[in-house]
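**Q** So I've got this file, model08.cif, and it contains mmCIF, C-alpha atoms:
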data_start
#
loop_
_atom_site.label_atom_id
_atom_site.label_comp_id
_atom_site.auth_asym_id
_atom_site.auth_seq_id
_atom_site.Cartn_x
_atom_site.Cartn_y
_atom_site.Cartn_z
CA MET A 582 -1.99 83.56 98.21
CA PRO A 583 1.36 84.86 96.91
CA ALA A 584 4.45 83.91 98.85
CA ASN A 585 5.60 86.45 101.40
CA PRO A 586 8.93 88.17 100.77
CA ILE A 587 11.64 86.70 103.00
CA PRO A 588 13.02 89.36 105.37
CA PRO A 589 16.75 89.80 104.73
CA SER A 590 19.31 88.75 107.33
CA GLY A 591 20.30 91.49 109.73
CA THR A 592 23.79 92.95 109.88
CA ASN A 593 23.44 94.17 113.48
CA PRO A 594 21.47 93.14 116.61
CA ALA A 595 18.64 95.63 116.05
CA ASP A 596 18.06 94.55 112.44
CA SER A 597 18.20 90.84 113.35
CA PHE A 598 15.72 91.33 116.18
CA GLU A 599 13.42 93.30 113.89
CA ARG A 600 13.62 90.43 111.39
CA LEU A 601 12.44 87.97 114.04
CA LEU A 602 9.56 90.26 115.01
CA THR A 603 8.51 90.57 111.36
CA ILE A 604 8.56 86.80 110.85
CA MET A 605 6.60 86.30 114.07
CA ASP A 606 3.93 88.74 112.92
CA THR A 607 3.62 86.97 109.57
CA LEU A 608 3.40 83.51 111.11
CA ARG A 609 0.83 84.63 113.68
CA GLU A 610 -1.36 86.10 110.95
CA GLN A 611 -1.01 83.40 108.29
CA CYS A 612 0.20 80.05 109.70
CA PRO A 613 -2.68 77.80 110.93
CA TRP A 614 -0.59 76.33 113.76
CA ASP A 615 0.89 79.61 114.98
CA LYS A 616 -2.52 81.30 114.87
CA LYS A 617 -3.96 78.74 117.31
CA GLN A 618 -1.28 79.01 119.99
CA THR A 619 -1.90 80.60 123.39
CA MET A 620 0.41 81.26 126.33
CA GLU A 621 -0.93 78.09 127.92
CA THR A 622 -0.23 75.89 124.88
CA LEU A 623 3.29 77.30 124.55
CA ARG A 624 4.16 76.87 128.22
CA HIS A 625 5.14 73.18 128.16
CA LEU A 626 7.06 73.69 124.92
CA THR A 627 9.07 76.50 126.53
CA ILE A 628 9.95 74.25 129.47
CA GLU A 629 11.11 71.58 127.02
CA GLU A 630 13.25 74.09 125.11
CA THR A 631 14.82 75.26 128.37
CA TYR A 632 15.86 71.72 129.25
CA GLU A 633 17.25 71.22 125.75
CA LEU A 634 19.36 74.35 126.24
CA SER A 635 20.51 73.00 129.60
CA ASP A 636 21.58 69.72 127.99
CA SER A 637 23.53 71.59 125.31
CA ILE A 638 25.32 73.69 127.91
CA LEU A 639 26.35 70.64 129.94
CA GLU A 640 27.62 68.97 126.76
CA GLY A 641 29.52 72.13 125.76
CA ASN A 642 27.99 71.97 122.28
CA MET A 643 28.14 75.56 121.04
CA ALA A 644 26.27 74.87 117.80
CA GLU A 645 23.38 73.40 119.77
CA ILE A 646 23.49 76.19 122.36
CA LYS A 647 23.10 78.74 119.56
CA LYS A 648 20.16 76.83 118.12
CA GLU A 649 18.41 76.41 121.48
CA LEU A 650 18.91 80.08 122.36
CA GLY A 651 17.18 80.93 119.10
CA ASP A 652 14.28 78.63 119.98
CA LEU A 653 13.87 80.29 123.36
CA MET A 654 14.11 83.75 121.79
CA LEU A 655 11.27 82.78 119.48
CA HIS A 656 9.14 81.74 122.45
CA LEU A 657 9.74 85.06 124.21
CA VAL A 658 8.69 86.95 121.11
CA PHE A 659 5.69 84.64 120.69
CA TYR A 660 4.39 85.34 124.21
CA THR A 661 4.83 89.05 123.69
CA ARG A 662 2.97 88.99 120.37
CA ILE A 663 0.01 87.23 122.06
CA ALA A 664 0.02 89.81 124.86
CA THR A 665 0.12 92.63 122.31
CA GLU A 666 -2.94 91.24 120.53
CA ASN A 667 -4.83 91.42 123.84
CA ASN A 668 -3.57 94.93 124.64
CA HIS A 669 -1.63 93.81 127.73
CA PHE A 670 1.89 94.90 126.72
CA ASN A 671 4.21 94.91 123.72
CA ILE A 672 7.86 94.14 123.02
CA VAL A 673 8.93 97.70 123.84
CA ASP A 674 7.30 97.40 127.27
CA VAL A 675 9.06 94.08 127.90
CA LEU A 676 12.50 95.36 126.92
CA ASN A 677 12.18 98.65 128.79
CA SER A 678 10.94 96.77 131.86
CA ILE A 679 13.99 94.52 132.08
CA CYS A 680 16.34 97.43 131.33
CA ASP A 681 14.77 99.52 134.09
CA LYS A 682 15.00 96.63 136.54
CA LEU A 683 18.66 95.99 135.77
CA ILE A 684 19.51 99.64 136.28
CA HIS A 685 17.59 99.76 139.56
CA ARG A 686 19.10 96.51 140.86
CA HIS A 687 22.67 97.64 140.08
CA PRO A 688 23.07 100.86 142.09
CA HIS A 689 26.80 100.11 142.38
CA ILE A 690 26.97 100.62 138.61
CA TYR A 691 24.36 103.29 137.94
CA SER A 692 24.44 105.13 141.28
CA ASP A 693 26.83 105.81 144.14
CA VAL A 694 26.47 102.56 146.12
CA VAL A 695 29.83 100.90 146.92
CA VAL A 696 30.24 97.11 146.99
CA GLU A 697 33.22 94.97 147.94
CA ASP A 698 32.39 91.76 146.09
CA GLU A 699 29.66 89.66 144.47
CA ASN A 700 28.18 88.80 147.87
CA ASP A 701 27.48 92.48 148.50
CA VAL A 702 25.78 92.61 145.11
CA LYS A 703 23.54 89.66 146.00
CA ARG A 704 22.62 91.15 149.36
CA ASN A 705 21.72 94.47 147.75
CA TRP A 706 19.67 92.63 145.12
CA GLU A 707 17.53 90.87 147.75
CA GLN A 708 17.07 94.02 149.81
CA LEU A 709 15.93 95.94 146.74
CA LYS A 710 13.43 93.20 145.88
CA LEU A 711 11.90 93.54 149.34
CA LYS A 712 11.63 97.31 148.90
CA GLU A 713 9.93 96.75 145.55
CA GLY A 714 7.09 94.91 147.23
CA ASN A 715 8.18 91.30 147.77
CA LYS A 716 6.60 90.28 151.07
CA THR A 717 9.24 87.67 151.89
CA VAL A 718 12.79 86.91 150.82
CA LEU A 719 11.80 83.40 149.72
CA GLY A 720 8.66 84.56 147.95
CA GLY A 721 10.50 84.85 144.66
CA VAL A 722 11.38 81.14 144.52
CA PRO A 723 8.95 79.50 142.06
CA ALA A 724 6.89 76.76 143.69
CA SER A 725 7.18 74.55 140.60
CA LEU A 726 10.99 74.44 140.56
CA PRO A 727 12.52 70.96 140.83
CA ALA A 728 13.35 70.26 144.48
CA LEU A 729 17.13 70.22 143.99
CA VAL A 730 17.17 73.57 142.21
CA LYS A 731 14.67 75.00 144.68
CA SER A 732 16.90 74.08 147.63
CA SER A 733 19.81 75.93 146.03
CA ARG A 734 17.73 79.02 145.37
CA ILE A 735 16.28 79.02 148.91
CA GLN A 736 19.75 78.88 150.41
CA GLU A 737 21.12 81.57 148.09
CA LYS A 738 18.28 83.92 148.95
CA ALA A 739 18.64 83.32 152.68
CA ARG A 740 22.35 84.06 152.35
CA GLY A 741 21.50 87.30 150.58
CA VAL A 742 20.04 88.70 153.81
CA GLY A 743 22.80 87.35 156.05
CA PHE A 744 21.16 84.09 157.20
CA ASP A 745 24.03 81.69 156.60
CA TRP A 746 26.86 79.68 158.14
CA ASP A 747 30.16 81.42 158.80
CA ASN A 748 32.37 78.80 157.16
CA LYS A 749 32.28 75.50 155.28
CA GLU A 750 33.59 73.54 158.28
CA GLN A 751 30.36 74.31 160.14
CA VAL A 752 28.34 73.17 157.16
CA TRP A 753 30.26 69.90 156.92
CA GLU A 754 29.62 69.24 160.60
CA LYS A 755 25.93 69.66 159.81
CA VAL A 756 26.23 67.17 156.93
CA GLU A 757 27.78 64.59 159.26
CA GLU A 758 25.11 65.25 161.88
CA GLU A 759 22.32 64.72 159.35
CA LEU A 760 24.01 61.57 158.04
CA ARG A 761 24.11 60.10 161.56
CA GLU A 762 20.45 60.94 162.11
CA PHE A 763 19.52 59.36 158.80
CA LYS A 764 21.45 56.17 159.59
CA GLU A 765 19.73 55.93 162.98
CA GLU A 766 16.41 55.52 161.18
CA PHE A 767 17.43 52.30 159.43
CA ASN A 768 20.07 50.68 161.63
CA THR A 769 19.90 47.24 160.03
CA SER A 770 22.09 45.63 162.70
CA GLU A 771 19.27 46.09 165.19
CA HIS A 772 16.69 44.62 162.77
CA LYS A 773 14.11 47.21 163.69
CA PRO A 774 11.32 48.11 161.24
CA VAL A 775 12.02 51.31 159.34
CA ASP A 776 9.75 54.29 159.94
CA LYS A 777 9.59 55.42 156.32
CA GLU A 778 8.18 58.85 157.13
CA LYS A 779 10.98 59.63 159.59
CA ALA A 780 13.65 58.19 157.30
CA GLU A 781 12.34 60.27 154.41
CA ALA A 782 12.45 63.41 156.54
CA GLU A 783 16.03 62.71 157.63
CA PHE A 784 17.06 61.94 154.05
CA GLY A 785 15.62 65.30 152.98
CA ASP A 786 17.60 67.03 155.72
CA LEU A 787 20.76 65.24 154.57
CA LEU A 788 20.26 66.28 150.96
CA PHE A 789 19.55 69.87 151.99
CA SER A 790 22.78 70.00 154.03
CA LEU A 791 24.81 68.51 151.16
CA ILE A 792 23.40 71.12 148.79
CA ASN A 793 24.37 73.74 151.33
CA TYR A 794 27.93 72.43 151.46
CA ALA A 795 28.12 72.33 147.67
CA ARG A 796 27.21 76.01 147.64
CA PHE A 797 30.07 76.79 150.03
CA ILE A 798 32.61 75.08 147.79
CA ASP A 799 31.11 76.61 144.62
CA ILE A 800 29.63 73.44 143.14
CA ASN A 801 26.25 73.59 141.44
CA PRO A 802 24.46 70.45 142.76
CA GLU A 803 22.05 70.29 139.82
CA ASP A 804 24.93 70.32 137.31
CA ALA A 805 26.91 67.82 139.37
CA LEU A 806 24.04 65.34 139.60
CA GLU A 807 23.13 65.70 135.93
CA LYS A 808 26.72 65.03 134.89
CA THR A 809 26.67 61.91 137.03
CA ASN A 810 23.38 60.88 135.40
CA LYS A 811 24.90 61.29 131.94
CA LYS A 812 28.02 59.37 133.01
CA PHE A 813 25.91 56.49 134.33
CA ILE A 814 23.83 56.40 131.13
CA LYS A 815 26.93 56.18 128.93
CA ARG A 816 28.45 53.39 131.03
CA PHE A 817 25.19 51.47 131.19
CA GLN A 818 24.70 51.75 127.43
CA TYR A 819 28.23 50.43 126.95
CA LEU A 820 27.31 47.50 129.18
CA GLU A 821 24.15 46.88 127.12
CA GLY A 822 26.14 46.98 123.89
CA LYS A 823 28.70 44.48 125.13
CA ALA A 824 25.97 42.13 126.31
CA GLN A 825 24.31 42.37 122.93
CA ASP A 826 27.62 41.58 121.20
CA LEU A 827 27.72 38.36 123.23
CA GLY A 828 24.13 37.56 122.37
CA LYS A 829 23.11 37.88 126.00
CA ASN A 830 20.31 39.63 127.86
CA LEU A 831 21.35 41.76 130.84
CA LYS A 832 18.81 40.13 133.13
CA ASP A 833 20.43 36.74 132.42
CA MET A 834 23.94 37.92 133.29
CA THR A 835 25.48 37.71 136.74
CA LEU A 836 26.50 40.86 138.54
CA ALA A 837 30.14 39.74 138.29
CA GLU A 838 29.83 39.49 134.49
CA MET A 839 28.25 42.92 134.27
CA ASP A 840 30.95 44.38 136.53
CA ILE A 841 33.63 43.41 134.00
CA PHE A 842 32.03 45.54 131.28
CA TRP A 843 31.15 48.28 133.76
CA ASN A 844 34.80 48.61 134.73
CA GLU A 845 35.76 48.70 131.05
CA ALA A 846 33.32 51.55 130.54
CA LYS A 847 34.81 53.43 133.51
CA LYS A 848 38.28 53.21 131.94
CA LEU A 849 36.91 54.60 128.68
#
Just dump the structure as structure tokens.
**A**
Amino acid sequence: MPANPIPPSGTNPADSFERLLTIMDTLREQCPWDKKQTMETLRHLTIEETYELSDSILEGNMAEIKKELGDLMLHLVFYTRIATENNHFNIVDVLNSICDKLIHRHPHIYSDVVVEDENDVKRNWEQLKLKEGNKTVLGGVPASLPALVKSSRIQEKARGVGFDWDNKEQVWEKVEEELREFKEEFNTSEHKPVDKEKAEAEFGDLLFSLINYARFIDINPEDALEKTNKKFIKRFQYLEGKAQDLGKNLKDMTLAEMDIFWNEAKKL
């Protein structure tokens, strides 16, 4: 089979997008791997690509962000090509659908609705979703979201219809209340056995209230925790490296010895 001509690079968004569509069509028709893929086989790969994009964003690596955005764009085109083959919808349907939704959900831009700030925009967004057929405000939160992200989305959506605290001081009082209730479940000074089920429930309440407070002070809890994870990994790897330099195994070192290198890593 003769080699396919390579589509030239685009000089504008429309040409570049058309180039991607052309390549996708060719791969789907001629590449053994691409021909076998289904929406189900692509799903876990798309999730992986999304997390890779997230990592790149947190690291502020623009070259990687560009690359990961391209990977995700390919997946979107891939799903649409599969749907087109089965006469469900095509790329024009997908693009028109999102354009129509954006226009409808922004009446303060494309109609005569007046908003004061971003909170008004969010409230309008949720009200419009209900009018479009959503049976419940929280119905649009995916069940498979990680719990931390899901908590944030639940709280944001509840706020969109006015179910929220008035100020951050009230939320902090709730955090302190939940912390007290959590501590009551494992008061070690009384040497009582811990009811794990109750303690777990109180811990969940505490986390939920902390996420709520983070929202009030404009901190994304998922980003905050992931940055802490990355910070811990770097410090721990520094500790491992120093132990290796000394010819030691971490499990054979005392906590005091490890603390010396840990504090060095913190200064770095």
**Q** Evaluate the PyMOL selection byres ((chain A and resi 801) around 12) and record the selected residues as a PDB file with C-alpha atoms, in the frame of the given file, following the chain and residue labels used in the document.
**A**
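Saved to part-v4.pdb:
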ATOM      1  CA  LEU A 639      26.350  70.640 129.940  1.00  0.00           C
ATOM      2  CA  LEU A 729      17.130  70.220 143.990  1.00  0.00           C
ATOM      3  CA  VAL A 730      17.170  73.570 142.210  1.00  0.00           C
ATOM      4  CA  SER A 732      16.900  74.080 147.630  1.00  0.00           C
ATOM      5  CA  SER A 733      19.810  75.930 146.030  1.00  0.00           C
ATOM      6  CA  ARG A 734      17.730  79.020 145.370  1.00  0.00           C
ATOM      7  CA  GLU A 737      21.120  81.570 148.090  1.00  0.00           C
ATOM      8  CA  LEU A 791      24.810  68.510 151.160  1.00  0.00           C
ATOM      9  CA  ILE A 792      23.400  71.120 148.790  1.00  0.00           C
ATOM     10  CA  ASN A 793      24.370  73.740 151.330  1.00  0.00           C
ATOM     11  CA  TYR A 794      27.930  72.430 151.460  1.00  0.00           C
ATOM     12  CA  ALA A 795      28.120  72.330 147.670  1.00  0.00           C
ATOM     13  CA  ARG A 796      27.210  76.010 147.640  1.00  0.00           C
ATOM     14  CA  PHE A 797      30.070  76.790 150.030  1.00  0.00           C
ATOM     15  CA  ILE A 798      32.610  75.080 147.790  1.00  0.00           C
ATOM     16  CA  ASP A 799      31.110  76.610 144.620  1.00  0.00           C
ATOM     17  CA  ILE A 800      29.630  73.440 143.140  1.00  0.00           C
ATOM     18  CA  PRO A 802      24.460  70.450 142.760  1.00  0.00           C
ATOM     19  CA  GLU A 803      22.050  70.290 139.820  1.00  0.00           C
ATOM     20  CA  ASP A 804      24.930  70.320 137.310  1.00  0.00           C
ATOM     21  CA  ALA A 805      26.910  67.820 139.370  1.00  0.00           C
ATOM     22  CA  LEU A 806      24.040  65.340 139.600  1.00  0.00           C
ATOM     23  CA  GLU A 807      23.130  65.700 135.930  1.00  0.00           C
ATOM     24  CA  LYS A 808      26.720  65.030 134.890  1.00  0.00           C
TER      25      LYS A 808
END
**Q** Considering all atoms listed in the file, state which residue in the set A:Lys777, A:Ser790, A:Asn830, A:Pro727 is at the smallest distance from Glu758 in chain A.
**A** A:Ser790
**Q** Could you tell me how far CA of Glu754 in chain A sits from CA of Asp701 in chain A, in Å to one decimal place?
**A**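 Pair CA of Asp701 in chain A / CA of Glu754 in chain A returns 26.3 Å.
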**Q** Please report the interatomic distance between CA of Gln611 in chain A and CA of Pro588 in chain A in Å with one decimal.
**A**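 Computed distance, CA of Gln611 in chain A to CA of Pro588 in chain A, equals 15.5 Å.
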**Q** Can you translate the PyMOL selection byres ((chain A and resi 783) around 10) into the concrete residues it hits in this file, as a list of chain:residue names?
**A**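 Output of the PyMOL selection byres ((chain A and resi 783) around 10): A:Glu759, A:Leu760, A:Arg761, A:Glu762, A:Phe763, A:Lys764, A:Glu765, A:Glu766, A:Lys777, A:Glu778, A:Lys779, A:Ala780, A:Glu781, A:Ala782, A:Phe784, A:Gly785, A:Asp786, A:Leu787, A:Leu788, A:Phe789.
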**Q** Counting all atoms listed in the file, what is within 12 Å of Ala664 in chain A, bar same-chain residues fewer than 6 positions away, as an mmCIF file with C-alpha atoms, keeping the file's coordinate frame?
**A**
data_model
loop_
_atom_site.group_PDB
_atom_site.id
_atom_site.type_symbol
_atom_site.label_atom_id
_atom_site.label_comp_id
_atom_site.auth_asym_id
_atom_site.auth_seq_id
_atom_site.Cartn_x
_atom_site.Cartn_y
_atom_site.Cartn_z
ATOM 1 C CA GLN A 618 -1.280 79.010 119.990
ATOM 2 C CA THR A 619 -1.900 80.600 123.390
ATOM 3 C CA MET A 620 0.410 81.260 126.330
ATOM 4 C CA LEU A 657 9.740 85.060 124.210
ATOM 5 C CA VAL A 658 8.690 86.950 121.110
ATOM 6 C CA PHE A 670 1.890 94.900 126.720
ATOM 7 C CA ASN A 671 4.210 94.910 123.720
ATOM 8 C CA ILE A 672 7.860 94.140 123.020
ATOM 9 C CA VAL A 673 8.930 97.700 123.840
ATOM 10 C CA ASP A 674 7.300 97.400 127.270
ATOM 11 C CA VAL A 675 9.060 94.080 127.900
#
**Q** Here is a test: counting all atoms listed in the file, which residue of A:Lys716, A:Phe598, A:Gly741, A:Glu699 is nearest to Leu676 in chain A?
**A**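 Among the listed residues, A:Phe598 lies closest to Leu676 in chain A.
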**Q** CA of Leu849 in chain A to CA of Lys812 in chain A: how many Å, to one decimal?
**A**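 Answer for the CA of Leu849 in chain A to CA of Lys812 in chain A separation: 11.0 Å.
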**Q** Could you model all heavy atoms for range 593-604 of chain A and present them as a compact mmCIF listing (two decimals), in the coordinates of the input?
**A**
# COMPACT_ATOMS: atom_id res chain seq x y z
N ASN A 593 23.18 93.72 112.12
CA ASN A 593 23.44 94.17 113.48
C ASN A 593 22.31 93.65 114.38
O ASN A 593 21.28 93.17 113.87
CB ASN A 593 23.54 95.70 113.54
CG ASN A 593 22.28 96.38 113.03
OD1 ASN A 593 21.21 96.25 113.62
ND2 ASN A 593 22.40 97.09 111.91
N PRO A 594 22.48 93.70 115.70
CA PRO A 594 21.47 93.14 116.61
C PRO A 594 20.07 93.71 116.40
O PRO A 594 19.08 92.95 116.41
CB PRO A 594 22.01 93.48 118.00
CG PRO A 594 23.49 93.57 117.81
CD PRO A 594 23.68 94.15 116.44
N ALA A 595 19.96 95.01 116.20
CA ALA A 595 18.64 95.63 116.05
C ALA A 595 17.93 95.11 114.80
O ALA A 595 16.74 94.78 114.83
CB ALA A 595 18.78 97.15 115.98
N ASP A 596 18.66 95.03 113.68
CA ASP A 596 18.06 94.55 112.44
C ASP A 596 17.65 93.08 112.56
O ASP A 596 16.59 92.67 112.08
CB ASP A 596 19.04 94.71 111.27
CG ASP A 596 19.22 96.16 110.85
OD1 ASP A 596 18.39 97.00 111.27
OD2 ASP A 596 20.17 96.46 110.12
N SER A 597 18.50 92.27 113.20
CA SER A 597 18.20 90.84 113.35
C SER A 597 16.98 90.64 114.23
O SER A 597 16.13 89.77 113.97
CB SER A 597 19.41 90.11 113.94
OG SER A 597 20.51 90.15 113.06
N PHE A 598 16.87 91.44 115.29
CA PHE A 598 15.72 91.33 116.18
C PHE A 598 14.45 91.77 115.46
O PHE A 598 13.39 91.16 115.59
CB PHE A 598 15.94 92.16 117.44
CG PHE A 598 14.95 91.87 118.53
CD1 PHE A 598 14.86 90.60 119.08
CD2 PHE A 598 14.11 92.85 119.02
CE1 PHE A 598 13.94 90.31 120.08
CE2 PHE A 598 13.20 92.58 120.01
CZ PHE A 598 13.11 91.31 120.55
N GLU A 599 14.56 92.82 114.68
CA GLU A 599 13.42 93.30 113.89
C GLU A 599 12.98 92.24 112.89
O GLU A 599 11.79 92.05 112.63
CB GLU A 599 13.79 94.59 113.16
CG GLU A 599 12.64 95.22 112.38
CD GLU A 599 11.51 95.68 113.28
OE1 GLU A 599 11.79 96.17 114.40
OE2 GLU A 599 10.33 95.54 112.87
N ARG A 600 13.94 91.51 112.32
CA ARG A 600 13.62 90.43 111.39
C ARG A 600 12.79 89.34 112.07
O ARG A 600 11.80 88.85 111.51
CB ARG A 600 14.92 89.83 110.84
CG ARG A 600 14.71 88.78 109.76
CD ARG A 600 16.01 88.09 109.41
NE ARG A 600 15.88 87.26 108.22
CZ ARG A 600 16.62 86.21 107.95
NH1 ARG A 600 17.57 85.84 108.80
NH2 ARG A 600 16.44 85.50 106.85
N LEU A 601 13.19 88.98 113.29
CA LEU A 601 12.44 87.97 114.04
C LEU A 601 11.03 88.46 114.33
O LEU A 601 10.05 87.70 114.20
CB LEU A 601 13.17 87.65 115.34
CG LEU A 601 12.47 86.66 116.29
CD1 LEU A 601 12.23 85.33 115.60
CD2 LEU A 601 13.29 86.46 117.56
N LEU A 602 10.88 89.70 114.73
CA LEU A 602 9.56 90.26 115.01
C LEU A 602 8.67 90.24 113.76
O LEU A 602 7.48 89.92 113.83
CB LEU A 602 9.68 91.68 115.54
CG LEU A 602 10.35 91.86 116.91
CD1 LEU A 602 10.48 93.35 117.24
CD2 LEU A 602 9.57 91.15 118.00
N THR A 603 9.27 90.57 112.62
CA THR A 603 8.51 90.57 111.36
C THR A 603 8.04 89.17 111.00
O THR A 603 6.89 88.96 110.61
CB THR A 603 9.40 91.13 110.22
OG1 THR A 603 9.77 92.48 110.53
CG2 THR A 603 8.64 91.11 108.89
N ILE A 604 8.93 88.19 111.15
CA ILE A 604 8.56 86.80 110.85
C ILE A 604 7.47 86.33 111.81
O ILE A 604 6.50 85.67 111.40
CB ILE A 604 9.81 85.89 110.95
CG1 ILE A 604 10.78 86.23 109.82
CG2 ILE A 604 9.42 84.42 110.90
CD1 ILE A 604 12.14 85.53 109.93
